[in-house]
file coords_19.csv (CSV, C-alpha atoms)
chain,number,residue,atom,x,y,z
A,1,MET,CA,26.7,-3.6,31.7
A,2,GLU,CA,23.8,-4.9,33.7
A,3,TYR,CA,20.2,-4.6,32.6
A,4,THR,CA,17.0,-4.8,34.7
A,5,GLU,CA,14.2,-7.0,33.5
A,6,ASP,CA,12.1,-4.1,32.1
A,7,GLN,CA,15.1,-2.9,30.0
A,8,LYS,CA,15.4,-6.1,28.0
A,9,SER,CA,12.7,-5.6,25.3
A,10,LEU,CA,15.2,-4.5,22.7
A,11,ASP,CA,17.7,-7.2,23.6
A,12,THR,CA,14.9,-9.8,23.4
A,13,GLU,CA,14.0,-8.6,19.9
A,14,ILE,CA,17.6,-8.9,18.8
A,15,GLU,CA,17.8,-12.4,20.1
A,16,ILE,CA,14.5,-13.4,18.4
A,17,LEU,CA,15.8,-11.9,15.1
A,18,LYS,CA,19.1,-13.7,15.4
A,19,GLU,CA,17.3,-17.0,15.9
A,20,LYS,CA,15.1,-16.3,12.9
A,21,ILE,CA,18.1,-15.6,10.7
A,22,ARG,CA,19.8,-18.7,12.0
A,23,LYS,CA,16.8,-20.9,11.1
A,24,ILE,CA,16.4,-19.3,7.7
A,25,GLU,CA,20.1,-19.8,6.8
A,26,GLY,CA,19.9,-23.3,8.1
A,27,ALA,CA,16.9,-24.1,5.8
A,28,ASN,CA,18.6,-22.5,2.9
A,29,ASN,CA,21.8,-24.4,3.5
A,30,LEU,CA,19.9,-27.7,3.7
A,31,LEU,CA,18.0,-27.0,0.5
A,32,GLU,CA,21.1,-26.0,-1.3
A,33,SER,CA,23.0,-29.2,-0.1
A,34,VAL,CA,20.1,-31.4,-1.4
A,35,ALA,CA,20.5,-29.7,-4.8
A,36,GLU,CA,24.2,-30.2,-4.8
A,37,ASP,CA,23.9,-33.9,-3.8
A,38,GLN,CA,21.3,-34.4,-6.5
A,39,LYS,CA,23.7,-33.0,-9.1
A,40,LYS,CA,26.6,-35.2,-7.8
A,41,LEU,CA,24.3,-38.2,-7.9
A,42,ALA,CA,23.2,-37.4,-11.5
A,43,ASP,CA,26.9,-37.1,-12.6
A,44,LEU,CA,27.8,-40.4,-11.0
A,45,GLU,CA,24.8,-42.3,-12.4
A,46,ASN,CA,25.6,-41.0,-15.9
A,47,SER,CA,29.3,-42.1,-15.6
A,48,TRP,CA,30.4,-45.1,-17.8
A,49,PHE,CA,31.7,-46.9,-14.7
A,50,ALA,CA,28.9,-46.0,-12.3
A,51,GLY,CA,27.9,-49.7,-11.6
A,52,ILE,CA,31.5,-50.8,-11.0
A,53,PHE,CA,33.4,-48.0,-9.1
A,54,TYR,CA,30.7,-45.7,-7.7
A,55,ARG,CA,28.0,-48.1,-6.5
A,56,ALA,CA,28.6,-47.5,-2.7
A,57,LYS,CA,29.0,-43.7,-3.2
A,58,ILE,CA,25.8,-43.6,-5.2
A,59,GLN,CA,23.9,-45.5,-2.4
A,60,ASP,CA,25.3,-43.1,0.2
A,61,LEU,CA,24.2,-40.1,-1.7
A,62,ARG,CA,20.7,-41.5,-2.2
A,63,ARG,CA,20.4,-42.1,1.5
A,64,ASN,CA,21.6,-38.6,2.4
A,65,ILE,CA,19.2,-37.0,-0.1
A,66,GLU,CA,16.3,-39.0,1.3
A,67,VAL,CA,17.1,-38.1,4.9
A,68,LYS,CA,17.4,-34.4,4.0
A,69,LYS,CA,14.2,-34.4,2.1
A,70,GLU,CA,12.4,-36.0,5.0
A,71,ALA,CA,13.7,-33.3,7.3
A,72,ILE,CA,12.6,-30.6,4.8
A,73,ILE,CA,9.1,-32.1,4.6
A,74,THR,CA,8.8,-32.7,8.4
A,75,GLN,CA,9.9,-29.1,9.2
A,76,ASN,CA,8.0,-27.6,6.3
A,77,LEU,CA,11.2,-25.7,5.2
A,78,ARG,CA,11.1,-23.2,2.4
A,79,SER,CA,13.8,-21.4,0.6
A,80,THR,CA,14.2,-17.6,1.4
A,81,PRO,CA,15.7,-15.3,-1.2
A,82,LYS,CA,19.1,-13.8,-0.4
A,83,LYS,CA,17.7,-10.3,-0.7
A,84,ASN,CA,15.2,-11.0,2.1
A,85,VAL,CA,18.0,-12.5,4.3
A,86,ASP,CA,20.2,-9.5,3.7
A,87,GLU,CA,17.3,-7.2,4.7
A,88,LEU,CA,16.9,-9.1,8.0
A,89,LYS,CA,20.6,-8.8,8.6
A,90,ASP,CA,20.4,-5.1,8.0
A,91,GLU,CA,17.5,-4.8,10.5
A,92,LEU,CA,19.6,-6.8,13.0
A,93,LYS,CA,22.5,-4.4,12.6
A,94,THR,CA,20.2,-1.4,13.1
A,95,LEU,CA,18.8,-2.9,16.3
A,96,GLU,CA,22.3,-3.8,17.6
A,97,GLY,CA,23.4,-0.3,16.9
A,98,ALA,CA,20.5,1.1,18.8
A,99,ARG,CA,21.3,-1.2,21.7
A,100,ASP,CA,24.9,0.0,21.7
A,101,ALA,CA,23.8,3.6,21.5
A,102,ARG,CA,21.4,3.2,24.5
A,103,MET,CA,23.6,4.0,27.5
A,104,GLU,CA,22.1,2.8,30.7
A,105,ARG,CA,24.1,5.3,32.8
A,106,VAL,CA,23.1,8.4,30.8
A,107,GLN,CA,21.6,10.8,33.4
A,108,TRP,CA,18.8,13.3,32.7
A,109,GLU,CA,18.1,15.7,35.5
A,110,GLY,CA,14.4,15.6,36.4
A,111,PHE,CA,13.6,12.8,33.9
A,112,PRO,CA,12.3,9.3,34.7
A,113,GLU,CA,14.2,6.1,34.4
A,114,LYS,CA,11.5,4.6,32.1
A,115,LEU,CA,8.4,5.9,30.5
A,116,ASP,CA,6.0,3.3,31.9
A,117,LYS,CA,2.3,2.8,32.6
A,118,LYS,CA,2.7,4.5,36.1
A,119,ILE,CA,3.9,7.7,34.5
A,120,GLU,CA,1.0,7.6,32.0
A,121,THR,CA,-1.5,7.1,34.8
A,122,ASN,CA,0.0,10.0,36.9
A,123,PHE,CA,-0.1,12.5,34.0
A,124,LEU,CA,-3.7,11.5,33.1
A,125,GLU,CA,-4.7,12.1,36.7
A,126,ARG,CA,-3.1,15.5,36.6
A,127,PHE,CA,-5.2,16.4,33.5
A,128,ARG,CA,-8.4,15.1,35.2
A,129,ASN,CA,-7.7,17.4,38.2
A,130,LEU,CA,-7.1,20.6,36.3
A,131,PRO,CA,-9.3,23.5,37.5
A,132,THR,CA,-12.2,24.6,35.3
A,133,THR,CA,-11.2,28.2,35.5
A,134,ILE,CA,-7.6,29.4,35.0
A,135,HIS,CA,-7.7,33.0,36.1
A,136,GLY,CA,-10.5,35.6,36.1
A,137,ASP,CA,-12.3,35.3,32.8
A,138,ILE,CA,-9.6,33.1,31.3
A,139,ASN,CA,-11.1,29.6,31.0
A,140,PHE,CA,-8.4,28.1,28.8
A,141,VAL,CA,-4.6,28.0,28.5
A,142,ASN,CA,-3.9,28.7,24.9
A,143,ILE,CA,-0.9,26.8,23.3
A,144,THR,CA,0.3,27.3,19.8
A,145,MET,CA,2.9,25.3,17.9
A,146,PHE,CA,5.6,26.8,15.6
A,147,GLY,CA,8.0,24.8,13.5
A,148,LYS,CA,9.3,24.1,10.0
A,149,THR,CA,7.0,22.7,7.4
A,150,GLY,CA,7.0,18.9,7.9
A,151,ALA,CA,8.5,19.0,11.4
A,152,GLY,CA,5.5,17.1,12.7
A,153,LYS,CA,3.3,19.7,14.4
A,154,SER,CA,0.0,18.4,13.2
A,155,SER,CA,0.9,14.8,13.8
A,156,PHE,CA,2.0,15.6,17.4
A,157,LEU,CA,-1.2,17.5,18.0
A,158,ASN,CA,-3.3,14.7,16.7
A,159,THR,CA,-1.4,12.2,18.8
A,160,VAL,CA,-2.0,14.2,22.0
A,161,VAL,CA,-5.7,14.6,21.3
A,162,THR,CA,-6.2,11.0,20.4
A,163,ALA,CA,-4.1,9.6,23.3
A,164,LEU,CA,-6.1,11.6,25.8
A,165,MET,CA,-9.4,10.5,24.4
A,166,ASN,CA,-8.4,6.8,24.3
A,167,THR,CA,-5.2,5.8,26.1
A,168,ASN,CA,-5.2,2.5,24.3
A,169,THR,CA,-5.3,3.9,20.8
A,170,ILE,CA,-3.0,6.5,19.2
A,171,CYS,CA,-4.0,7.5,15.7
A,172,ARG,CA,-1.0,7.3,13.3
A,173,ASP,CA,-2.6,8.5,10.1
A,174,TYR,CA,-2.9,12.3,9.8
A,175,ASN,CA,-3.6,14.2,6.7
A,176,SER,CA,-1.6,17.4,7.4
A,177,ALA,CA,1.8,16.1,6.4
A,178,PRO,CA,3.6,18.2,3.8
A,179,GLY,CA,3.2,17.3,0.1
A,180,ALA,CA,5.9,16.3,-2.3
A,181,THR,CA,6.6,20.0,-2.9
A,182,GLY,CA,7.3,20.6,0.8
A,183,GLU,CA,4.3,22.9,1.1
A,184,SER,CA,2.4,22.9,4.4
A,185,LYS,CA,-1.1,21.4,4.1
A,186,THR,CA,-2.2,23.1,7.3
A,187,LYS,CA,-4.2,26.1,5.9
A,188,THR,CA,-6.2,27.1,9.0
A,189,PHE,CA,-5.4,28.3,12.5
A,190,GLN,CA,-6.6,25.0,13.7
A,191,LEU,CA,-8.1,24.8,17.2
A,192,GLU,CA,-8.2,21.5,19.0
A,193,LYS,CA,-10.1,21.0,22.2
A,194,LEU,CA,-8.8,18.4,24.7
A,195,THR,CA,-10.9,15.8,26.4
A,196,VAL,CA,-9.8,13.1,28.8
A,197,GLU,CA,-11.4,9.7,27.9
A,198,ASP,CA,-14.5,11.4,26.4
A,199,LYS,CA,-15.6,12.6,29.9
A,200,LYS,CA,-14.0,15.8,30.9
A,201,ASP,CA,-13.0,18.9,28.9
A,202,ILE,CA,-9.5,20.0,29.8
A,203,PRO,CA,-8.9,23.8,30.1
A,204,ILE,CA,-6.3,23.8,27.4
A,205,ARG,CA,-6.6,24.8,23.8
A,206,LEU,CA,-4.0,23.7,21.2
A,207,TYR,CA,-3.6,25.8,18.0
A,208,ASP,CA,-1.8,24.4,15.0
A,209,CYS,CA,-0.3,26.9,12.5
A,210,PRO,CA,1.0,26.4,9.0
A,211,GLY,CA,4.7,25.5,8.9
A,212,ILE,CA,7.5,28.1,8.7
A,213,SER,CA,9.2,28.1,5.3
A,214,ASN,CA,11.5,30.2,3.3
A,215,ASP,CA,8.7,32.0,1.6
A,216,GLU,CA,8.3,35.2,3.6
A,217,HIS,CA,5.3,36.5,1.6
A,218,ASP,CA,2.9,33.5,1.7
A,219,THR,CA,3.6,32.1,5.1
A,220,MET,CA,4.9,32.7,8.6
A,221,ASP,CA,7.1,35.8,8.7
A,222,LEU,CA,7.9,37.4,12.1
A,223,ASP,CA,5.0,39.8,12.0
A,224,VAL,CA,2.6,37.0,11.4
A,225,LEU,CA,4.1,34.9,14.2
A,226,GLU,CA,3.9,37.8,16.6
A,227,ALA,CA,0.3,38.4,15.7
A,228,VAL,CA,-0.5,34.8,16.5
A,229,ILE,CA,1.1,35.1,19.9
A,230,ASN,CA,-0.8,38.3,20.7
A,231,GLY,CA,-4.2,36.7,19.9
A,232,HIS,CA,-5.0,38.5,16.7
A,233,ILE,CA,-6.0,35.3,14.8
A,234,LYS,CA,-9.4,33.7,15.4
A,235,GLY,CA,-9.4,30.0,16.1
A,236,ASP,CA,-10.4,27.7,13.2
A,237,SER,CA,-10.2,30.6,10.7
A,238,LYS,CA,-8.6,30.4,7.4
A,239,PHE,CA,-5.0,31.3,7.8
A,240,ASN,CA,-4.4,34.3,5.5
A,241,PRO,CA,-0.9,35.9,6.0
A,242,GLU,CA,-1.8,38.9,3.8
A,243,GLU,CA,-4.9,39.8,5.9
A,244,ILE,CA,-2.8,39.4,9.1
A,245,ARG,CA,-0.1,41.8,7.8
A,246,ASN,CA,-2.8,44.3,6.7
A,247,LYS,CA,-4.6,43.9,10.1
A,248,ASN,CA,-8.0,43.2,8.5
A,249,GLY,CA,-10.2,40.5,7.2
A,250,GLU,CA,-12.5,37.8,8.7
A,251,SER,CA,-9.6,35.9,10.4
A,252,TYR,CA,-8.1,39.0,12.1
A,253,ARG,CA,-9.1,40.0,15.6
A,254,ALA,CA,-8.3,43.7,16.0
A,255,ASN,CA,-8.5,44.0,19.8
A,256,PRO,CA,-7.6,40.7,21.5
A,257,SER,CA,-7.9,40.4,25.2
A,258,LEU,CA,-5.7,38.3,27.5
A,259,LYS,CA,-7.9,35.3,27.1
A,260,ASN,CA,-7.2,35.4,23.3
A,261,GLU,CA,-3.4,35.6,23.6
A,262,MET,CA,-1.1,32.6,23.5
A,263,HIS,CA,0.0,31.6,26.9
A,264,CYS,CA,2.6,29.0,25.8
A,265,ILE,CA,4.6,28.4,22.6
A,266,VAL,CA,5.7,25.0,21.6
A,267,PHE,CA,8.6,24.9,19.1
A,268,VAL,CA,8.5,21.7,17.2
A,269,ILE,CA,11.9,20.5,15.9
A,270,ASN,CA,12.6,17.6,13.7
A,271,ALA,CA,15.3,15.4,15.2
A,272,ARG,CA,17.2,15.4,12.0
A,273,THR,CA,17.5,19.2,12.0
A,274,ASN,CA,21.1,20.4,12.2
A,275,LEU,CA,20.7,22.7,15.2
A,276,GLN,CA,24.3,24.0,14.7
A,277,ASP,CA,23.6,25.3,11.2
A,278,PRO,CA,23.8,29.1,11.2
A,279,ASP,CA,22.0,29.3,7.9
A,280,ASP,CA,18.8,27.4,8.8
A,281,GLU,CA,16.0,29.8,8.1
A,282,THR,CA,13.5,28.3,10.5
A,283,LEU,CA,16.0,28.4,13.4
A,284,LYS,CA,16.9,32.0,12.5
A,285,LYS,CA,13.2,33.0,12.6
A,286,ILE,CA,12.6,31.3,15.9
A,287,LYS,CA,15.6,33.0,17.5
A,288,ALA,CA,14.5,36.4,16.0
A,289,LEU,CA,11.0,35.8,17.4
A,290,GLN,CA,12.4,35.0,20.8
A,291,GLN,CA,14.3,38.3,20.8
A,292,ARG,CA,11.1,40.2,20.0
A,293,ILE,CA,8.9,38.6,22.7
A,294,ASN,CA,11.3,37.8,25.5
A,295,GLY,CA,10.7,40.2,28.3
A,296,ALA,CA,7.9,41.9,26.4
A,297,CYS,CA,5.2,39.3,27.3
A,298,ASP,CA,5.1,36.5,29.8
A,299,VAL,CA,4.8,33.5,27.4
A,300,LYS,CA,6.1,30.1,28.4
A,301,GLN,CA,8.3,28.6,25.8
A,302,ILE,CA,9.2,24.9,25.4
A,303,ALA,CA,10.5,22.7,22.6
A,304,ILE,CA,9.7,19.2,21.5
A,305,VAL,CA,11.7,16.9,19.2
A,306,THR,CA,9.9,14.7,16.7
A,307,ASN,CA,11.0,11.8,14.6
A,308,ILE,CA,13.5,10.6,17.1
A,309,ASP,CA,13.3,7.2,15.5
A,310,LYS,CA,15.2,8.7,12.6
A,311,ILE,CA,18.3,9.3,14.8
A,312,GLY,CA,18.5,5.8,16.2
A,313,VAL,CA,15.8,5.5,18.9
A,314,GLN,CA,13.8,2.4,18.0
A,315,ASN,CA,10.0,2.5,17.9
A,316,ASN,CA,9.9,-0.6,20.1
A,317,ASP,CA,12.2,1.0,22.7
A,318,MET,CA,10.6,4.5,23.1
A,319,GLU,CA,10.1,3.8,26.8
A,320,HIS,CA,13.8,4.0,27.2
A,321,VAL,CA,14.3,7.2,25.1
A,322,PHE,CA,16.3,8.9,27.9
A,323,LYS,CA,18.9,6.1,27.7
A,324,TYR,CA,20.1,7.3,24.3
A,325,SER,CA,23.2,9.4,24.3
A,326,HIS,CA,22.4,11.1,21.0
A,327,GLN,CA,19.0,12.2,22.4
A,328,LYS,CA,20.9,13.8,25.3
A,329,ARG,CA,23.1,15.6,22.8
A,330,GLN,CA,20.1,16.9,21.0
A,331,GLU,CA,18.7,18.3,24.2
A,332,LYS,CA,22.0,20.1,24.8
A,333,TYR,CA,21.9,21.6,21.3
A,334,LEU,CA,18.4,22.9,22.0
A,335,HIS,CA,19.7,24.8,25.0
A,336,ARG,CA,22.6,26.2,23.1
A,337,CYS,CA,20.1,27.5,20.5
A,338,SER,CA,18.2,29.2,23.3
A,339,LEU,CA,15.2,26.9,22.7
A,340,LYS,CA,13.6,25.6,25.9
A,341,LYS,CA,13.2,21.9,26.5

call {"tool": "encode", "arguments": {"input": "coords_19.csv", "output": "structure tokens"}}
result
Amino acid sequence: MEYTEDQKSLDTEIEILKEKIRKIEGANNLLESVAEDQKKLADLENSWFAGIFYRAKIQDLRRNIEVKKEAIITQNLRSTPKKNVDELKDELKTLEGARDARMERVQWEGFPEKLDKKIETNFLERFRNLPTTIHGDINFVNITMFGKTGAGKSSFLNTVVTALMNTNTICRDYNSAPGATGESKTKTFQLEKLTVEDKKDIPIRLYDCPGISNDEHDTMDLDVLEAVINGHIKGDSKFNPEEIRNKNGESYRANPSLKNEMHCIVFVINARTNLQDPDDETLKKIKALQQRINGACDVKQIAIVTNIDKIGVQNNDMEHVFKYSHQKRQEKYLHRCSLKK
């Protein structure tokens, strides 16, 4: 299999790690051999006949020990614990597995060969050139995100906002991740305004919802999800499912207009989700929601997959994500689940 120059980053890291392991094992072997030679020397020197039978052997051992010690000092060698060496070998195995999984001939219709700087520049230019008015009195395209608690909705939203504001810095620390109980920490219908490089407001509004869980009463049942889509929930208001179901309260908008409705739904799916599991409650809710809204309203639906590093795509090889066969399989499963991608 042939690789172009820009496809060798993962292979280069593998070779660097191999060389690191080789040097560490070489140093450990040298240090261990010095210890073994010193033990042999001590045994010979303590022998009754050391001066008669072992004089030449003792001299050879002393010379060998001195040469090895000089090499250790010159190269500043240190012993590395076996546990650390094993961890490096496990890391190497993971990288090699990722390289083997990355298939250079996997074809994705309509997808680029490589996610490079050129693509980033082109998309930023598209954002800069968006019109200031969408249609009539609609100034913004409203996009909401639905997904299971912990799927990565808030982290994705934060990454988009931060990346557009500063293309060189992507914030990785976001405080909306689920707690140890698996409860969503997103408690508001969070509105995020988008700006390109702190200069131009983009006519897009992203809305983050609490995660979908198995608790129908306290969180996102179908009626609540549909109310979000129809524009009944005010942006940046406290998310109160009970008020939404009762169609009252400060967060509820009784008579939404077209500009309040959601114009696009993003379904956020964790890469480790078993999309073929018929008992997955989140997937069942998403499919039931699609049955309700498909045909009834013109809402664009797409899906994004998060945490792809957990299924073998290396963080240092994200630019070649479309080379991974298991990522291609995930995309096929999304289509089978009637989720757009």

call {"tool": "closest_residue", "arguments": {"input": "coords_19.csv", "among": "A:Leu77, A:Gly97, A:Asp309, A:Ile202", "to": "Glu125 in chain A", "atoms": "only C-alpha atoms"}}
result
A:Ile202

call {"tool": "atom_distance", "arguments": {"input": "coords_19.csv", "atom1": "CA of Leu225 in chain A", "atom2": "CA of Val268 in chain A"}}
result
14.2 Å

call {"tool": "residues_around", "arguments": {"input": "coords_19.csv", "residues": "range 25-31 of chain A", "least_positions_apart": "2", "cutoff": "12 Å", "atoms": "only C-alpha atoms", "output": "PyMOL selection string"}}
result
chain A and resi 18-23+33-38+64-65+67-73+75-82+84-86+88-89

call {"tool": "residues_around", "arguments": {"input": "coords_19.csv", "residues": "range 228-233 of chain A", "least_positions_apart": "6", "cutoff": "8 Å", "atoms": "all atoms listed in the file", "output": "list in words"}}
result
Thr144, Phe189, Ile244, Ser251, Tyr252, Arg253, Ala254, Asn255, Pro256, Ser257, Leu258, Asn260, Glu261, Met262 and His263 of chain A

call {"tool": "write_last_selection", "arguments": {"input": "coords_19.csv", "atoms": "C-alpha atoms", "output": "PDB file, in the frame of the given file"}}
result
ATOM      1  CA  THR A 144       0.300  27.300  19.800  1.00  0.00           C
ATOM      2  CA  PHE A 189      -5.400  28.300  12.500  1.00  0.00           C
ATOM      3  CA  ILE A 244      -2.800  39.400   9.100  1.00  0.00           C
ATOM      4  CA  SER A 251      -9.600  35.900  10.400  1.00  0.00           C
ATOM      5  CA  TYR A 252      -8.100  39.000  12.100  1.00  0.00           C
ATOM      6  CA  ARG A 253      -9.100  40.000  15.600  1.00  0.00           C
ATOM      7  CA  ALA A 254      -8.300  43.700  16.000  1.00  0.00           C
ATOM      8  CA  ASN A 255      -8.500  44.000  19.800  1.00  0.00           C
ATOM      9  CA  PRO A 256      -7.600  40.700  21.500  1.00  0.00           C
ATOM     10  CA  SER A 257      -7.900  40.400  25.200  1.00  0.00           C
ATOM     11  CA  LEU A 258      -5.700  38.300  27.500  1.00  0.00           C
ATOM     12  CA  ASN A 260      -7.200  35.400  23.300  1.00  0.00           C
ATOM     13  CA  GLU A 261      -3.400  35.600  23.600  1.00  0.00           C
ATOM     14  CA  MET A 262      -1.100  32.600  23.500  1.00  0.00           C
ATOM     15  CA  HIS A 263       0.000  31.600  26.900  1.00  0.00           C
TER      16      HIS A 263
END

call {"tool": "atom_distance", "arguments": {"input": "coords_19.csv", "atom1": "CA of Glu32 in chain A", "atom2": "CA of Glu13 in chain A"}}
result
28.3 Å

call {"tool": "atom_distance", "arguments": {"input": "coords_19.csv", "atom1": "CA of Thr121 in chain A", "atom2": "CA of Asn142 in chain A"}}
result
23.9 Å

call {"tool": "closest_residue", "arguments": {"input": "coords_19.csv", "among": "A:Arg128, A:Lys118, A:Arg245, A:Lys148", "to": "Thr273 in chain A", "atoms": "all atoms listed in the file"}}
result
A:Lys148
